[in-house]
Structures are given as structure tokens and as C-alpha cells.
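Okay, so here's the structure we're looking at.
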Amino acid sequence: MDRLDQLTQIHLDVLKEIGNIGAGNAATALSELLNKKIDMSIPYIKIVDFNELIDLVGGPERLIVAVFLRIQGDAPGSMFFILSPEEADTLVQQLTGDNHFQTTLMEDNPLAYSALSEVGNILSGSYLSSLSDFTTLNLQPTVPTLVIDMAAAILMEGLVEISQESDYAIMIDTMIEEGENGGTQVKGHFFLLPDPESFAKIFRALGVQNQ
Amino acid sequence: MITSTIVKVGIADVKVANAPHLLKTSGLGSCVGVVIYDLKLKVAGLAHIMLPDSTASKRENRNGMKYADTGIDLLLELLIKQGVNKHSLKAKLAGGAHMFAFRSDNQMLRIGERNVEAVILKLNQLNIPILAQDVGGNKGRTIEFDPDTGLLSIKTVNSEMKCI
């Protein structure tokens, strides 16, 4: 699977299913943490160049809160859990019961920083472990890092491995959000970006033949 | 009267501009923004470099603007087409941050630092003096260059804009 135009509908469906299973598991974990109903979107598979990827998150200078980890093992890749600062505020407020919490002032609040990192760990870990079970591939996460900064600055450093070999990335985007109405809602996006050489391994593990 | 416009340079992109227009690239993390300019002619070019070395890639058909070595060559070519004098060129650079604390153990993970090293090496090979730089750290940067004054302004999240 060296070329993106070789992807067929079956391949795209397999990638969607990966997003479904991973984010579904993460949504369950978040639901248990917050004791609330959490919904997830239908995954989008997008084949984007780097500038398009940045535009999808609101432009290069957009301030985002991101938990980033590298996936190591059989099918390496990068994974981000991305929230807007407002979404991160809501999430931490619900977790800690501190209604004054603001992400932008996080450097003064180590407890909140730690809470947000831990949620990122739990959610990305549950995404990845279900993915590993589903594909029977050996996938290990690096320690996730929480960063709050400009979107392009964060995303591009996470894409260094992919950019070595490609000018495009295949992104599996799934959104999870609080299911109940009223007030500000918790939501966030999972971006899974397998390295170019990982696609063939993922498809093979799931019994889909490469043309 | 010509109104000043901002020429935006994307990721792995190279552009040139004349005064009164400005050059801008946003959200530099481990990437490096390199400006080469001729203050007499008030012409400048900006390259948004992602990776240090084009020869490390196994693939053909890659985008040369992505790498320090080939990207700076492309930038210089564009400037020479604008009629700059090679000997009056100067350079300024910014970026090469280290956004993720944990990624420090292998070569891939020092990418910001390696980008800066590669850019400086390339500029030295071309005998283009570097007049100012703002590199490293762990913050994203947005930079804007004014070919009229030769000043590079740098914006980071939660801190004052600075000019070099």
C-alpha cells in the first residue's frame, strides 16, 4: 500500500471500522469517568496534505489542547486527542468539580494539568488497546504528552515520521461528545495517523488483500 | 499607492515578496522559518522547512521545499530570479522548537534542533550571513518578515511579540 490512490472502498471501510472501535472504547471509558452518556460520531477518513490537515483543526495559529502519543510496534503511527481550550475547560471542570478552571492558565494549576493529561492517557490508551485487540497487532503507546499551543506547531512535530516518506497523511477522525443536552458539552477529536508503511500491515492483519 | 498585503507561506512552502508586502508563516513548531533577503532591493523570501535532509528519504517525487538543503536552494533560485545580488543577501531564522517533552531519546525526536543545524549549515555553505535567530524552546511561533525594514517579528502563545 504505497500509493493512496490504491485504496478501495473496502480499505476505507476497514479504516472507518478502526475509528469506530477505538473511539467507541474511548467513549465508554470517558462515560465511566464522568458518569455521563458519551456519543461518538461516524469516523471520517481523510487523505490530506499537511496544510489541509492544519486547516481541518482551524488553521495553523489556532490554539489547541492536544494529547499526543506515538504508536510503536507492528504498525507505527501517531495519535492525537484534540480539544479546543473551551472544551478542555469543560472537561476538567467536570472531572475536578472546579468551575473556575481555565486551560490557558494551566501553568498555575498543576492539578488540572495532571487531570487533563490523565484523561488523555486513559482515552488514548483505551482507543489503542481496542485497536490492538481488533487487529491482533502488537501496538504500544509511548507516554502521552499534553501540549497547549498553536495547531500547526503541535501537529507537524507529531507528523515528522510520516513526512519523511510522504506529503500526505491518511487521517482517521472520530469525535466523541457528551450525549445529553444543556450547558457546555465535553467533546474532543481523535486523530489516528498511521505511518505510510503501516497500512499494508493493518489491512493484512484484518484479512483485506492489497491489490 | 500600493497597499501592503501579507504573503502567506504554508508548511513545506517557499515564497518571495517585495516591499511593501510582508511574508508570514504560522505555527512553526519543530519546523524552521528561514528568511533570506536583500535589503537594498527590498526583496525577501521565506521557506518553511520541515525536515533537515532530503537525502534521508527513499522516495522520488518528493516536495523539495520540505527539506533544509533543497528548500533553501529553491528559495535562493526564486530570489535570483528577482534580480538580487547574491553577495548582499542576509538571513534570519526562527523555529526549531521541541514541542513534546518526552521525545528526546532518538534522532527523530530532536527534529527541531536538527532542522536548525541543517539550515545553519546550508546557509554557511552558501556564504549567506545569519544576522539574527530565535530558535529552540518549547513554544510554537508565528513569524512575519518586512522586506522594507529587514525586521522579523515573532509571536508565541501567551507572550509579547518580539522583533529580531
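Convention: chains lettered A, B, ... in C-alpha cells order; per-chain residue numbering from 1; ligands numbered from 1 as shown.
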Please produce, as a Markdown table, a per-residue contact table for chain A versus chain B (criterion: any atom at most 12 Å away, only C-alpha atoms considered), showing the nearest atom pair and its distance in Å to one decimal, sorted by chain then residue number.
| residue | atom | partner | partner_atom | distance |
| --- | --- | --- | --- | --- |
| A:Asp2 | CA | B:Arg59 | CA | 10.4 |
| A:Arg3 | CA | B:Arg59 | CA | 11.7 |
| A:Asp49 | CA | B:Ile11 | CA | 9.6 |
| A:Phe50 | CA | B:Ile11 | CA | 6.8 |
| A:Asn51 | CA | B:Ile11 | CA | 6.1 |
| A:Glu52 | CA | B:Ile11 | CA | 9.9 |
| A:Leu53 | CA | B:Ile11 | CA | 10.5 |
| A:Ile54 | CA | B:Ile11 | CA | 9.3 |
| A:Asp55 | CA | B:Gly10 | CA | 10.8 |
| A:Gly58 | CA | B:Gly27 | CA | 11.8 |
| A:Gly59 | CA | B:Ser26 | CA | 8.7 |
| A:Pro60 | CA | B:Gly27 | CA | 5.1 |
| A:Glu61 | CA | B:Gly27 | CA | 5.3 |
| A:Arg62 | CA | B:Gly27 | CA | 8.4 |
| A:Leu63 | CA | B:Val157 | CA | 8.0 |
| A:Ile64 | CA | B:Val157 | CA | 10.8 |
| A:Ala66 | CA | B:Phe100 | CA | 10.6 |
| A:Val67 | CA | B:Phe100 | CA | 9.8 |
| A:Phe68 | CA | B:Phe100 | CA | 8.2 |
| A:Leu69 | CA | B:Phe100 | CA | 9.4 |
| A:Arg70 | CA | B:Arg103 | CA | 9.5 |
| A:Thr104 | CA | B:Asn158 | CA | 8.4 |
| A:Leu105 | CA | B:Asn158 | CA | 9.7 |
| A:Met106 | CA | B:Asn158 | CA | 11.6 |
| A:Glu107 | CA | B:Asn158 | CA | 11.1 |
| A:Thr142 | CA | B:Phe102 | CA | 8.6 |
| A:Val143 | CA | B:Phe102 | CA | 7.3 |
| A:Pro144 | CA | B:Phe102 | CA | 8.2 |
| A:Thr145 | CA | B:Phe100 | CA | 6.3 |
| A:Leu146 | CA | B:Phe100 | CA | 7.9 |
| A:Val147 | CA | B:Phe100 | CA | 7.2 |
| A:Ile148 | CA | B:Val157 | CA | 9.0 |
| A:Asp149 | CA | B:Gly140 | CA | 6.3 |
| A:Met150 | CA | B:Gly27 | CA | 5.5 |
| A:Ala151 | CA | B:Gly27 | CA | 6.6 |
| A:Ala152 | CA | B:Gly27 | CA | 4.7 |
| A:Ala153 | CA | B:Gly29 | CA | 3.6 |
| A:Ile154 | CA | B:Gly29 | CA | 6.4 |
| A:Leu155 | CA | B:Gly29 | CA | 8.5 |
| A:Met156 | CA | B:Gly29 | CA | 7.0 |
| A:Glu157 | CA | B:Ser30 | CA | 5.7 |
| A:Gly158 | CA | B:Phe100 | CA | 8.7 |
| A:Leu159 | CA | B:Met50 | CA | 9.8 |
| A:Val160 | CA | B:Met108 | CA | 7.5 |
| A:Glu161 | CA | B:Met108 | CA | 7.5 |
| A:Ile162 | CA | B:Ser57 | CA | 10.9 |
| A:Ser163 | CA | B:Leu51 | CA | 8.1 |
| A:Gln164 | CA | B:Ser57 | CA | 6.0 |
| A:Glu165 | CA | B:Ser57 | CA | 6.0 |
| A:Ser166 | CA | B:Arg62 | CA | 7.4 |
| A:Asp167 | CA | B:Asn63 | CA | 7.2 |
| A:Tyr168 | CA | B:Arg62 | CA | 10.6 |
| A:Pro196 | CA | B:Arg59 | CA | 11.9 |
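Omitting Ile38 in chain A and its sequence neighbours fewer than 2 positions away, and counting only C-alpha atoms, the residues within 8 Å are A:Ala27, A:Thr28, A:Leu30, A:Ser31, A:Lys36, A:Met40, A:Ile176, A:Glu177, A:Glu178, A:Gly179, A:Glu180.
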What is the distance, in Å and to one decimal place, between CA of Lys37 in chain A and CA of Ala23 in chain A?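 Computing the Euclidean distance for CA of Lys37 in chain A and CA of Ala23 in chain A yields 14.0 Å.
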Determine, counting only C-alpha atoms, which protein, DNA and RNA residues have an atom within 7 Å of an atom of Pro129 in chain B; residues of the same chain fewer than 2 positions away are not included. Present the result as an NGL selection string. :B and (90-91 or 127 or 131)
DSSP on the backbone, then: every residue of range 75-146 of chain B marked strand (DSSP E), written as a PyMOL selection string. chain B and resi 90-95+130-135+141-146
For the selection you just gave me, I'd like the residues written to a file as a PDB file, in the first residue's frame, keeping C-alpha atoms.
ATOM      1  CA  LYS B  90      21.354  38.168   4.597  1.00  0.00           C
ATOM      2  CA  ALA B  91      19.371  35.591   6.545  1.00  0.00           C
ATOM      3  CA  LYS B  92      17.274  35.368   9.679  1.00  0.00           C
ATOM      4  CA  LEU B  93      15.631  32.291  11.122  1.00  0.00           C
ATOM      5  CA  ALA B  94      13.165  31.194  13.750  1.00  0.00           C
ATOM      6  CA  GLY B  95      11.590  27.944  14.928  1.00  0.00           C
ATOM      7  CA  ILE B 130      22.803  34.926   9.584  1.00  0.00           C
ATOM      8  CA  LEU B 131      22.043  38.237  11.277  1.00  0.00           C
ATOM      9  CA  ALA B 132      19.559  37.012  13.856  1.00  0.00           C
ATOM     10  CA  GLN B 133      17.828  33.888  15.065  1.00  0.00           C
ATOM     11  CA  ASP B 134      15.212  32.846  17.581  1.00  0.00           C
ATOM     12  CA  VAL B 135      15.299  29.064  17.846  1.00  0.00           C
ATOM     13  CA  ARG B 141       5.962  30.569  16.720  1.00  0.00           C
ATOM     14  CA  THR B 142       4.285  32.662  14.071  1.00  0.00           C
ATOM     15  CA  ILE B 143       6.680  34.881  12.167  1.00  0.00           C
ATOM     16  CA  GLU B 144       6.291  37.851   9.870  1.00  0.00           C
ATOM     17  CA  PHE B 145       9.032  39.498   7.837  1.00  0.00           C
ATOM     18  CA  ASP B 146       9.055  43.016   6.448  1.00  0.00           C
TER      19      ASP B 146
END
Å distance separating CA of Ala75 in chain A from CA of Ala169 in chain A, one decimal place: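 Answer for the CA of Ala75 in chain A to CA of Ala169 in chain A separation: 14.8 Å.
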For Asn99 in chain A, list every protein, DNA or RNA residue within 12 Å, evaluated using only C-alpha atoms, and leave out those in the same chain fewer than 4 positions away; present the list as number ranges by chain. A: 89-95, 103, 112, 184
Determine, counting only C-alpha atoms, which protein, DNA and RNA residues have an atom within 8 Å of an atom of range 78-83 of chain B; residues of the same chain fewer than 5 positions away are not included. Present the result as a list in words.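 Near neighbours after the sequence-gap exclusion: Lys15, Val16, Val43, Ala44 and Gly45 of chain B.
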Helix (DSSP H, G or I) call set, DSSP backbone run, range 150-202 of chain A, as a PyMOL selection string: chain A and resi 151-158+160-165+198-202
